[in-house]
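Have a look at the structure below before the remarks.
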Amino acid sequence: MTDPIVEIPPTGRVARLWLDAGDRDARPVGHLVTRACTHWDTVGPQAFPRHVNPEPRVQWRAHLDGAEPGLAEDVYSDDPEAPPLPHGDGDDLVVRGRRLRVEWLEGEAAAAAWAQHGW
């Protein structure tokens with residue numbers, strides 16, 4: 001689901017997704033990218049709809065690196081099973097039944113990840 005926001009965050013934020021596999025070390029499994037967009041409500045008859053009430057919202061996309069064929073498709077914030085956007089480091093995101101830890105990237109690491117996975 002697309003999350004309504006009070007302040008528009010910087011677009012192009014990138015996070016690394018980590019899988020904590022019990023007693024084994026955590027391993028990176030993908031990236032999460034965000035962007036700000038404008039959501040409009042549609043009112044009026046179907047023949048002459050009007051778009052009103054613009055509202056900034058955050059959209060996100062999760063990409064799993066090297067996923068099995070059944071899990072290879074990216075997960076989007078608008079997908080019916082999509083969880084809410086995690087806001088801080090260490091927050092969890094459940095993607096296709098796997099609980100992934102989110103680590104927001106900054107600087108060079110974020111720029112390199114955005115160049116590869118940007119939206």
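Ligands are numbered from 1 in the order shown, chains are lettered A, B, ... in the order of the structure tokens, and residues start at 1 in each chain.
Residues in contact range of stretch 86-90 of chain A, defined as at most 6 Å between only C-alpha atoms, with sequence neighbours fewer than 5 positions away removed, read Arg101, Val102, Glu103 and Trp104 of chain A.
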(request) May I have the residues within 12 Å of A:Arg61 as a ChimeraX atom specification, using only C-alpha atoms and disregarding those fewer than 3 positions away in the same chain? (result) /A:1-2,12-17,30-36,58,64,73-79,82-85,93,95,114,117-119
(request) Give me every strand (DSSP E or B) residue in stretch 74-106 of chain A, going by DSSP on the backbone, as number ranges by chain. (result) A: 75-76, 92-95, 98-104
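Interatomic distance, atom CA of A:Ala26 to atom CA of A:Glu81: 24.6 Å.
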(request) Mind giving me the straight-line distance from atom CA of A:Pro56 to atom CA of A:Val43 in Å, one decimal? (result) 18.1 Å
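Among the residues of chain A, backbone DSSP assigns helix (DSSP H, G or I) to A:Pro69, A:Gly70, A:Leu71, A:Gly107, A:Glu108, A:Ala109, A:Ala110, A:Ala111, A:Ala112, A:Ala113, A:Trp114, A:Ala115, A:Gln116, A:His117.
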(message) Can you tell me which residues surround A:Pro54 at a distance of at most 7 Å, considering only C-alpha atoms, apart from same-chain residues fewer than 5 positions away, and format the answer as a list in words?
(response) Thr38, His39 and Trp40 of chain A
